[in-house]
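Text of entry_16.cif, listed as mmCIF, C-alpha atoms:
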data_protein
loop_
_atom_site.label_atom_id
_atom_site.label_comp_id
_atom_site.auth_asym_id
_atom_site.auth_seq_id
_atom_site.Cartn_x
_atom_site.Cartn_y
_atom_site.Cartn_z
CA THR L 1464 110.92 47.50 -2.46
CA ASP L 1465 107.92 45.35 -3.42
CA LEU L 1466 110.06 42.23 -3.69
CA LEU L 1467 111.79 42.98 -0.39
CA ASP L 1468 108.43 43.37 1.35
CA LEU L 1469 107.20 40.09 -0.15
CA SER L 1470 110.32 38.21 0.87
CA ARG L 1471 109.98 39.54 4.43
CA MET L 1472 106.31 38.52 4.53
CA ASP L 1473 107.15 35.06 3.19
CA ALA L 1474 109.82 34.64 5.85
CA GLY L 1475 107.48 35.91 8.59
CA ARG L 1476 109.85 38.80 9.21
CA ILE L 1477 107.69 41.76 8.31
CA ARG L 1478 107.69 44.27 11.14
CA ILE L 1479 104.31 45.61 12.24
CA GLU L 1480 104.05 48.35 14.85
CA GLU L 1481 100.64 48.44 16.54
CA GLU L 1482 99.38 51.85 17.56
CA GLU L 1483 96.21 53.92 17.49
CA VAL L 1484 95.87 55.15 13.92
CA GLY L 1485 93.46 57.79 12.67
CA LEU L 1486 92.40 56.68 9.20
CA ALA L 1487 91.06 60.16 8.33
CA GLU L 1488 94.53 61.69 8.62
CA ILE L 1489 96.03 58.97 6.43
CA ALA L 1490 93.30 59.51 3.82
CA ARG L 1491 93.95 63.27 3.86
CA GLN L 1492 97.70 62.76 3.40
CA VAL L 1493 97.25 60.26 0.56
CA ALA L 1494 94.77 62.55 -1.21
CA GLU L 1495 97.20 65.46 -0.86
CA ASP L 1496 100.09 63.34 -2.16
CA PHE L 1497 98.11 62.20 -5.21
CA PHE L 1498 96.25 65.42 -6.01
CA ALA L 1499 98.78 66.62 -8.61
CA LEU L 1500 98.84 63.23 -10.36
CA ALA L 1501 95.04 63.13 -10.40
CA GLU L 1502 94.84 66.61 -11.89
CA ALA L 1503 97.55 65.91 -14.48
CA SER L 1504 95.85 62.67 -15.56
CA GLY L 1505 92.38 64.21 -15.84
CA HIS L 1506 90.85 62.57 -12.75
CA SER L 1507 88.70 64.07 -10.03
CA LEU L 1508 90.08 63.14 -6.61
CA LEU L 1509 87.54 63.43 -3.80
CA LEU L 1510 88.02 63.00 -0.07
CA GLU L 1511 85.30 61.99 2.42
CA VAL L 1512 86.46 61.27 5.96
CA ASP L 1513 84.89 60.18 9.21
CA GLU L 1514 87.07 61.53 12.02
CA ASP L 1515 85.93 58.64 14.25
CA ALA L 1516 87.57 56.00 12.03
CA TRP L 1517 90.43 54.77 14.20
CA ALA L 1518 92.17 51.40 14.10
CA ARG L 1519 94.88 49.63 16.07
CA ALA L 1520 97.40 48.87 13.36
CA ASP L 1521 100.66 49.97 11.74
CA GLU L 1522 100.34 53.54 10.42
CA GLU L 1523 103.14 53.16 7.86
CA ARG L 1524 101.62 49.97 6.47
CA ILE L 1525 98.16 51.53 6.22
CA GLN L 1526 99.72 54.40 4.28
CA GLN L 1527 101.42 51.88 2.01
CA ILE L 1528 98.10 50.14 1.32
CA ALA L 1529 96.24 53.42 0.77
CA ARG L 1530 98.93 54.65 -1.63
CA ALA L 1531 98.83 51.39 -3.61
CA LEU L 1532 95.04 51.49 -3.91
CA THR L 1533 94.93 55.18 -4.85
CA GLY L 1534 97.78 54.87 -7.32
CA ASN L 1535 96.09 51.90 -9.00
CA ALA L 1536 92.80 53.79 -9.28
CA LEU L 1537 94.51 56.72 -10.99
CA VAL L 1538 96.67 54.62 -13.32
CA HIS L 1539 94.11 52.00 -14.35
CA THR L 1540 91.09 54.20 -15.02
CA PRO L 1541 90.56 56.54 -17.96
CA PRO L 1542 90.75 60.34 -17.73
CA GLY L 1543 87.51 61.85 -16.50
CA THR L 1544 87.11 59.15 -13.87
CA THR L 1545 86.32 60.09 -10.29
CA VAL L 1546 88.48 58.57 -7.56
CA ARG L 1547 87.17 58.88 -4.00
CA VAL L 1548 89.21 58.18 -0.87
CA SER L 1549 87.02 57.78 2.20
CA THR L 1550 87.07 56.55 5.77
CA ALA L 1551 84.26 55.26 7.93
CA VAL L 1552 83.51 53.38 11.08
CA ASP L 1553 80.74 50.80 11.23
CA GLY L 1554 80.36 49.08 14.56
CA GLY L 1555 83.60 47.24 15.18
CA ARG L 1556 85.01 47.97 11.71
CA ALA L 1557 87.17 50.92 10.67
CA THR L 1558 87.51 51.26 6.91
CA LEU L 1559 89.53 53.14 4.34
CA THR L 1560 88.02 52.86 0.86
CA VAL L 1561 89.37 53.88 -2.53
CA ALA L 1562 86.54 53.92 -5.08
CA ASN L 1563 86.39 54.83 -8.75
CA ASP L 1564 83.74 55.04 -11.43
CA GLY L 1565 85.97 53.61 -14.15
CA PRO L 1566 85.45 50.27 -15.88
CA GLU L 1567 84.35 47.47 -13.59
CA ILE L 1568 86.66 44.56 -12.84
CA PRO L 1569 85.20 41.38 -14.37
CA ARG L 1570 83.89 38.98 -11.73
CA ALA L 1571 86.16 36.19 -13.04
CA ALA L 1572 89.25 38.34 -12.36
CA GLN L 1573 88.28 39.73 -8.96
CA GLN L 1574 90.24 37.17 -6.93
CA GLN L 1575 93.11 36.88 -9.39
CA ILE L 1576 94.00 40.57 -9.18
CA PHE L 1577 95.29 39.95 -5.65
CA GLU L 1578 97.75 37.31 -6.91
CA ARG L 1579 101.41 38.16 -7.31
CA PHE L 1580 102.38 39.43 -10.78
CA TYR L 1581 98.79 39.28 -12.09
CA ARG L 1582 97.69 41.97 -14.53
CA LEU L 1583 94.16 42.32 -15.83
CA ASP L 1584 93.93 41.70 -19.59
CA GLY L 1585 93.48 44.85 -21.64
CA THR L 1586 94.84 47.22 -19.00
CA ARG L 1587 97.88 49.42 -19.25
CA ALA L 1588 100.99 47.53 -18.19
CA SER L 1589 102.67 49.40 -15.39
CA GLY L 1590 104.34 48.59 -12.13
CA SER L 1591 105.35 45.18 -10.92
CA GLY L 1592 101.95 43.51 -10.61
CA LEU L 1593 102.64 43.19 -6.89
CA GLY L 1594 100.82 46.17 -5.33
CA LEU L 1595 97.49 44.48 -4.60
CA ALA L 1596 99.17 41.25 -3.46
CA ILE L 1597 101.28 43.20 -0.99
CA ALA L 1598 98.32 45.31 0.14
CA ARG L 1599 96.23 42.20 0.85
CA GLU L 1600 99.05 40.47 2.73
CA LEU L 1601 99.80 43.58 4.80
CA ALA L 1602 96.14 43.91 5.71
CA GLU L 1603 96.05 40.28 6.82
CA VAL L 1604 99.23 40.65 8.90
CA MET L 1605 97.47 43.50 10.75
CA GLY L 1606 94.41 41.30 11.35
CA GLY L 1607 92.37 42.97 8.61
CA ARG L 1608 91.43 42.36 5.02
CA ILE L 1609 90.81 44.09 1.72
CA GLU L 1610 87.34 43.77 0.25
CA LEU L 1611 86.59 44.33 -3.43
CA ASP L 1612 83.21 45.34 -4.81
CA SER L 1613 83.01 46.10 -8.53
CA GLN L 1614 79.49 46.58 -9.82
CA ASN L 1615 76.89 49.19 -10.73
CA GLY L 1616 79.51 51.46 -12.31
CA TRP L 1617 81.83 51.64 -9.30
CA THR L 1618 84.86 49.69 -8.10
CA LEU L 1619 85.62 49.87 -4.39
CA PHE L 1620 88.72 48.55 -2.64
CA THR L 1621 88.14 48.68 1.11
CA LEU L 1622 90.75 48.13 3.80
CA VAL L 1623 88.87 46.73 6.80
CA LEU L 1624 90.46 46.82 10.24
CA SER L 1625 89.14 46.43 13.78
CA ALA L 1626 87.90 49.77 15.06
CA GLU L 1627 89.77 51.34 17.94
CA VAL L 1628 88.49 53.99 20.32
CA PRO L 1629 91.39 56.27 21.23
CA GLU L 1630 91.95 56.21 24.99
CA ARG L 1631 91.95 59.99 25.18
CA ASP L 1632 88.33 60.01 23.94
CA LEU L 1633 87.00 57.65 26.63
CA GLU L 1634 85.15 59.00 29.61
CA PRO L 1635 87.07 58.79 32.92
CA GLY L 1636 86.43 55.47 34.58
CA LEU L 1637 85.67 53.66 31.30
CA VAL L 1638 89.26 52.74 30.46
#

Please rewrite the model in this file as structure tokens.
Amino acid sequence: TDLLDLSRMDAGRIRIEEEEVGLAEIARQVAEDFFALAEASGHSLLLEVDEDAWARADEERIQQIARALTGNALVHTPPGTTVRVSTAVDGGRATLTVANDGPEIPRAAQQQIFERFYRLDGTRASGSGLGLAIARELAEVMGGRIELDSQNGWTLFTLVLSAEVPERDLEPGLV
């Protein structure tokens, strides 16, 4: 599936459906989907959502990104680590962040981890080495980006999209 997605992106044939997407609901679903894995692997999985975090993007692709980021956090951090999935809105930005208090990603590797097939030295080999590359490219196709901040004992991967105000929440006459 990863290779198929990459080949479609390379050919400019990836299909993106734009719609109003509530990031809080996606975060809740991803946390629910990964709760059993977190518990079995000795991780705490926390959820913090802002119900006002809406974006105009592809819901399925946001789920794909959130699942890749959450899965990575659970697989590549030691037991006892806290993984937090959160959403927020800040001005014109809607964000979905997956954070963990596991080992920091060395500054020298922070751009390389988004390259296809790259694996950080000393980490458990798993997967295809494509998840972060695909996540970054999907974010960009939707007009967003993924930011990485790894310092002070925390690593945060943040999907940043343009904020959207759902039409049903606007006052009459403001549409």

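Nearest-residue note for Asp1521 of chain L: choosing from L:His1506, L:Arg1491, L:Arg1608, L:Arg1478, the minimum distance belongs to L:Arg1478, counting all atoms listed in the file.
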
Work out how far apart atom CA of Ile1479 of chain L and atom CA of Asp1513 of chain L are and give it in Å to one decimal.
-> 24.5 Å

Please tabulate, as a Markdown table, the residues of segment 1477-1539 of chain L that come within 12 Å of segment 1609-1619 of chain L, each with its closest pair of atoms and the distance in Å to one decimal, counting all atoms listed in the file and ordering rows by chain, then residue number upward.
| residue | atom | partner | partner_atom | distance |
| --- | --- | --- | --- | --- |
| L:Ile1525 | CA | L:Ile1609 | CA | 11.4 |
| L:Ile1528 | CA | L:Ile1609 | CA | 9.5 |
| L:Ala1529 | CA | L:Ile1609 | CA | 10.8 |
| L:Leu1532 | CA | L:Leu1619 | CA | 9.6 |
| L:Thr1533 | CA | L:Leu1619 | CA | 10.7 |
| L:Asn1535 | CA | L:Thr1618 | CA | 11.5 |
| L:Ala1536 | CA | L:Thr1618 | CA | 9.0 |
| L:His1539 | CA | L:Thr1618 | CA | 11.4 |

Dump as a count of residues only all residues having an atom at most 8 Å from (93.0, 63.1, -20.9), computed in the file's coordinates with all atoms listed in the file.
-> 5

In terms of only C-alpha atoms, the residue from L:Glu1627, L:Glu1488, L:Glu1480, L:Glu1600 at minimal distance from Val1548 of chain L is L:Glu1488

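Distances here use all atoms listed in the file; by that measure, the residue among L:Ala1494, L:Glu1578, L:Ala1501, L:Trp1517 closest to Gly1555 of chain L is L:Trp1517.
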